[in-house]
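One structure is given below, encoded as structure tokens.
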Amino acid sequence: MITCVNDAMFPDTGKAVVTLLRRLGVDVEFPAAQTCCAQPMVNTGYLDEAVPVVRTFVDAFAGYDAIVTPSGSCAGSARHQHAIVATRSGDAALAAAVASTAPKVHELSEFLVDVLGVTDVGAYFPHRVTYHPTCHSLRMLGVGDRPRRLLEKVRGLTLVDLPDAEECCGFGGTFALKNADTSVAMGADKARHVRDTGAEILVAGDNSCLMHIGGTLSRQRSGVRTMHLAEILAATP
């Protein structure tokens, strides 16, 4: 499950996920019928409009053993919001399809650690890195230290702690548009903490958050790059 942001703006993340999973022996398919997870509609109150989007999702991903996505935000939507939409619609068949599909949705680090049972994926990345735990992965999914456990096993990588790591970066989808001043201030705080680490790379499991923080870091000419967790885990000598 590539997600809208990755499909439109960060396709290399999706390619990295496929490369990584195939290297680990997983039979990966990419259903071309997939579209949005419906989170933008749900978060802004358009639950009726989300119904056909959820229906498209369950149809596209029916029959698979696991649905893996490089986004805690979108995984959280599929696992938690889809049931709300389906129940509210009164469509018993849709509710049943969601009940079957939602538990199979995994954020990437969850799938690697919990389903495949691996933390050492054979990656090599000789850089100083700091990790930002995104809000939905941290609070909605509870991924905990799984991403850090994966990063700690990457050869050559130096992982440094991010001050106030669990504070939100300020993106929050439409929040960044509706509350721009607050969003910018939160992003500036996060960027300052990133710079304080002396890291070369900021890594996270959601490119939406990296886009927000990375924009601030770029405007500040900090020299800090942003990379999705999948791209680091897919890296080899």
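By convention in this document, the chains of the structure tokens carry letters A, B, ... by their order, each chain's residues are numbered from 1, and ligands are numbered from 1 in the order they are shown.
Omitting His228 in chain A and its sequence neighbours fewer than 4 positions away, and counting only C-alpha atoms, the residues within 8 Å are Thr13, Val203, Ala204, Gly205, Asp206, Asn207, Leu210 and Ile232 of chain A.
Take the candidates A:Arg155, A:Arg221, A:Arg128, A:His80 and check each one against Glu200 in chain A using only C-alpha atoms; the shortest distance goes to A:Arg128.
Rounded to one decimal, CA of Thr3 in chain A and CA of Cys74 in chain A lie 7.0 Å from each other.
Distances to Val85 in chain A were evaluated for A:Arg55, A:Arg219, A:His212, A:Lys104 using only C-alpha atoms, and the minimum falls at A:Arg55.
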Where in range 33-217 of chain A does DSSP assign strand (DSSP E), given as a VMD selection string? chain A and resid 67 to 69 105 to 107 128 to 131 158 to 160 201 to 204
Excluding Ala75 in chain A and any residue of its chain fewer than 4 positions from it, enumerate the residues within 12 Å of it, using only C-alpha atoms, and give them as a PyMOL selection string. chain A and resi 1-3+36-39+57+66-71+79-82+101-111+136-138+140-143+205-206
Kindly save the residues from that selection, with N, CA, C and O atoms included, as a compact mmCIF listing (two decimals), in the first residue's frame.
```
# COMPACT_ATOMS: atom_id res chain seq x y z
N MET A 1 0.86 -1.18 0.00
CA MET A 1 0.00 0.00 0.00
C MET A 1 0.90 1.23 0.00
O MET A 1 1.52 1.56 1.00
N ILE A 2 0.95 1.90 -1.14
CA ILE A 2 1.95 2.94 -1.33
C ILE A 2 1.62 4.24 -0.59
O ILE A 2 2.52 4.94 -0.13
N THR A 3 0.35 4.57 -0.46
CA THR A 3 -0.21 5.82 0.08
C THR A 3 -0.15 6.94 -0.95
O THR A 3 0.72 6.94 -1.83
N CYS A 36 -6.78 6.11 -2.21
CA CYS A 36 -6.53 6.73 -0.91
C CYS A 36 -7.04 5.83 0.22
O CYS A 36 -7.96 5.03 0.03
N CYS A 37 -6.47 5.99 1.40
CA CYS A 37 -6.94 5.24 2.57
C CYS A 37 -8.20 5.84 3.18
O CYS A 37 -8.81 5.24 4.06
N ALA A 38 -8.55 7.06 2.76
CA ALA A 38 -9.75 7.78 3.21
C ALA A 38 -9.52 8.67 4.41
O ALA A 38 -10.44 9.34 4.88
N GLN A 39 -8.30 8.71 4.92
CA GLN A 39 -8.04 9.52 6.11
C GLN A 39 -8.36 11.01 5.93
O GLN A 39 -8.94 11.62 6.83
N PHE A 57 -10.74 0.39 -1.11
CA PHE A 57 -9.60 -0.16 -0.36
C PHE A 57 -9.78 -1.64 -0.09
O PHE A 57 -8.89 -2.45 -0.38
N ALA A 66 -1.11 -10.12 4.07
CA ALA A 66 -0.72 -8.92 4.80
C ALA A 66 -0.74 -7.73 3.86
O ALA A 66 -0.49 -7.86 2.66
N ILE A 67 -1.03 -6.58 4.43
CA ILE A 67 -1.03 -5.31 3.68
C ILE A 67 -0.01 -4.43 4.38
O ILE A 67 -0.20 -4.03 5.53
N VAL A 68 1.09 -4.13 3.70
CA VAL A 68 2.21 -3.41 4.30
C VAL A 68 2.28 -2.01 3.72
O VAL A 68 2.20 -1.82 2.50
N THR A 69 2.44 -1.02 4.60
CA THR A 69 2.51 0.36 4.14
C THR A 69 3.61 1.13 4.86
O THR A 69 3.82 0.93 6.06
N PRO A 70 4.31 2.00 4.15
CA PRO A 70 5.35 2.83 4.77
C PRO A 70 4.78 4.10 5.38
O PRO A 70 5.24 5.21 5.11
N SER A 71 3.75 3.94 6.20
CA SER A 71 3.08 5.09 6.80
C SER A 71 2.27 4.67 8.02
O SER A 71 1.29 3.93 7.89
N ARG A 79 -6.70 0.66 10.01
CA ARG A 79 -6.95 -0.22 11.16
C ARG A 79 -8.04 0.30 12.08
O ARG A 79 -8.72 -0.49 12.75
N HIS A 80 -8.23 1.61 12.14
CA HIS A 80 -9.15 2.17 13.13
C HIS A 80 -10.31 2.96 12.51
O HIS A 80 -11.45 2.83 12.94
N GLN A 81 -10.03 3.78 11.52
CA GLN A 81 -11.07 4.65 10.96
C GLN A 81 -12.02 3.92 10.01
O GLN A 81 -13.19 4.28 9.92
N HIS A 82 -11.51 2.91 9.30
CA HIS A 82 -12.36 2.21 8.34
C HIS A 82 -13.58 1.59 9.01
O HIS A 82 -14.68 1.59 8.45
N THR A 101 -10.21 -7.18 6.56
CA THR A 101 -9.04 -6.56 5.95
C THR A 101 -8.20 -5.77 6.96
O THR A 101 -6.96 -5.86 6.95
N ALA A 102 -8.84 -4.99 7.81
CA ALA A 102 -8.13 -4.07 8.70
C ALA A 102 -7.04 -4.73 9.55
O ALA A 102 -5.94 -4.18 9.68
N PRO A 103 -7.30 -5.90 10.16
CA PRO A 103 -6.26 -6.51 11.00
C PRO A 103 -5.01 -6.93 10.22
O PRO A 103 -3.97 -7.18 10.83
N LYS A 104 -5.11 -7.00 8.90
CA LYS A 104 -3.97 -7.42 8.08
C LYS A 104 -3.08 -6.25 7.68
O LYS A 104 -2.04 -6.45 7.05
N VAL A 105 -3.49 -5.04 8.04
CA VAL A 105 -2.72 -3.85 7.68
C VAL A 105 -1.59 -3.64 8.69
O VAL A 105 -1.82 -3.60 9.89
N HIS A 106 -0.37 -3.49 8.17
CA HIS A 106 0.80 -3.32 9.03
C HIS A 106 1.64 -2.14 8.57
O HIS A 106 1.96 -2.02 7.37
N GLU A 107 2.00 -1.28 9.48
CA GLU A 107 3.05 -0.31 9.21
C GLU A 107 4.35 -1.09 9.02
O GLU A 107 4.52 -2.16 9.61
N LEU A 108 5.26 -0.59 8.20
CA LEU A 108 6.43 -1.36 7.78
C LEU A 108 7.21 -1.96 8.94
O LEU A 108 7.54 -3.16 8.93
N SER A 109 7.54 -1.16 9.95
CA SER A 109 8.36 -1.68 11.05
C SER A 109 7.62 -2.76 11.84
O SER A 109 8.23 -3.72 12.33
N GLU A 110 6.29 -2.64 11.96
CA GLU A 110 5.50 -3.67 12.61
C GLU A 110 5.61 -4.99 11.86
O GLU A 110 5.77 -6.06 12.45
N PHE A 111 5.50 -4.90 10.54
CA PHE A 111 5.54 -6.11 9.72
C PHE A 111 6.89 -6.80 9.83
O PHE A 111 6.97 -8.02 9.99
N HIS A 136 0.92 9.29 14.65
CA HIS A 136 0.00 8.16 14.47
C HIS A 136 0.69 6.83 14.72
O HIS A 136 0.10 5.91 15.28
N SER A 137 1.96 6.71 14.31
CA SER A 137 2.67 5.45 14.58
C SER A 137 2.87 5.27 16.08
O SER A 137 2.76 4.16 16.60
N LEU A 138 3.13 6.37 16.76
CA LEU A 138 3.40 6.31 18.19
C LEU A 138 2.13 6.13 19.01
O LEU A 138 2.06 5.26 19.89
N MET A 140 -1.46 6.05 17.78
CA MET A 140 -2.57 5.26 17.26
C MET A 140 -2.20 3.79 17.09
O MET A 140 -2.99 2.90 17.41
N LEU A 141 -0.98 3.52 16.59
CA LEU A 141 -0.57 2.15 16.33
C LEU A 141 0.23 1.54 17.48
O LEU A 141 0.25 0.33 17.65
N GLY A 142 0.95 2.40 18.22
CA GLY A 142 1.78 1.89 19.29
C GLY A 142 2.97 1.09 18.79
O GLY A 142 3.30 0.03 19.34
N VAL A 143 3.66 1.59 17.76
CA VAL A 143 4.80 0.85 17.21
C VAL A 143 5.98 0.82 18.18
O VAL A 143 6.89 0.02 18.03
N GLY A 205 9.00 7.27 9.82
CA GLY A 205 8.20 6.29 9.10
C GLY A 205 7.09 6.88 8.27
O GLY A 205 6.32 6.14 7.65
N ASP A 206 6.99 8.21 8.25
CA ASP A 206 5.96 8.89 7.45
C ASP A 206 6.58 10.04 6.66
O ASP A 206 7.15 10.96 7.26
```
Any idea what's packed within 12 Å of Met211 in chain A, counting only C-alpha atoms, ignoring anything in its chain fewer than 2 positions away? Could you give it as a PyMOL selection string? chain A and resi 5-6+9-10+169-173+176+187+191+202-209+213-218+225-228
Can you write just those residues out, C-alpha atoms, as a short mmCIF file (atom, residue, chain, number, x, y, z; two decimals), in the first residue's frame?
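Everything below was put into again_31.cif:
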```cif
data_model
loop_
_atom_site.label_atom_id
_atom_site.label_comp_id
_atom_site.auth_asym_id
_atom_site.auth_seq_id
_atom_site.Cartn_x
_atom_site.Cartn_y
_atom_site.Cartn_z
CA VAL A 5 1.79 11.11 -0.57
CA ASN A 6 4.35 8.48 -1.50
CA MET A 9 5.80 12.74 -4.27
CA PHE A 10 8.08 10.04 -2.82
CA CYS A 169 6.15 17.94 14.24
CA GLY A 170 3.14 20.17 13.52
CA PHE A 171 2.06 18.79 10.15
CA GLY A 172 -1.15 16.94 10.92
CA GLY A 173 -2.52 17.01 7.37
CA ALA A 176 -0.99 22.63 8.73
CA GLY A 187 7.92 22.52 12.92
CA ALA A 191 13.85 21.32 13.35
CA LEU A 202 16.52 12.70 9.97
CA VAL A 203 14.57 9.48 9.56
CA ALA A 204 10.89 8.73 10.18
CA GLY A 205 8.20 6.29 9.10
CA ASP A 206 5.96 8.89 7.45
CA ASN A 207 7.03 11.06 4.53
CA SER A 208 4.30 13.60 5.31
CA CYS A 209 6.08 14.46 8.57
CA ILE A 213 10.23 19.09 9.00
CA GLY A 214 12.46 18.83 5.95
CA GLY A 215 10.99 21.98 4.47
CA THR A 216 11.98 23.91 7.57
CA LEU A 217 15.44 22.35 7.68
CA SER A 218 15.94 23.21 4.01
CA ARG A 225 18.67 15.51 4.89
CA THR A 226 15.47 13.56 5.46
CA MET A 227 14.98 9.90 4.56
CA HIS A 228 12.20 7.40 5.09
#
```
All alpha helix (DSSP H) residues (DSSP, backbone) inside range 90-237 of chain A, as JSON, numbers by chain: {"A": [92, 93, 94, 95, 96, 97, 98, 99, 100, 101, 108, 109, 110, 135, 146, 147, 148, 149, 150, 151, 152, 175, 176, 177, 178, 180, 181, 182, 183, 184, 185, 186, 187, 188, 189, 190, 191, 192, 193, 194, 195, 196, 197, 207, 208, 209, 210, 211, 212, 213, 214, 215, 216, 217, 218, 219, 229, 230, 231, 232, 233]}
Compile the contact shell of range 27-35 of chain A as a PyMOL selection string: residues with an atom at most 8 Å away, counting only C-alpha atoms, same-chain residues fewer than 5 positions apart removed. chain A and resi 1+3-4+18+21-22+53+56-57+60-61
For Lys153 in chain A: contacts at 12 Å, only C-alpha atoms, fewer than 4 positions along chain excluded, given as an NGL selection string: :A and (118-126 or 146-149 or 157-159 or 232-233)
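What separates CA of Asp91 in chain A from CA of Thr174 in chain A is a distance of 28.3 Å.
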From the options A:Cys168, A:Val224, A:Ala78, A:Ala235, which residue's atoms come nearest to Asp196 in chain A, counting only C-alpha atoms? A:Val224
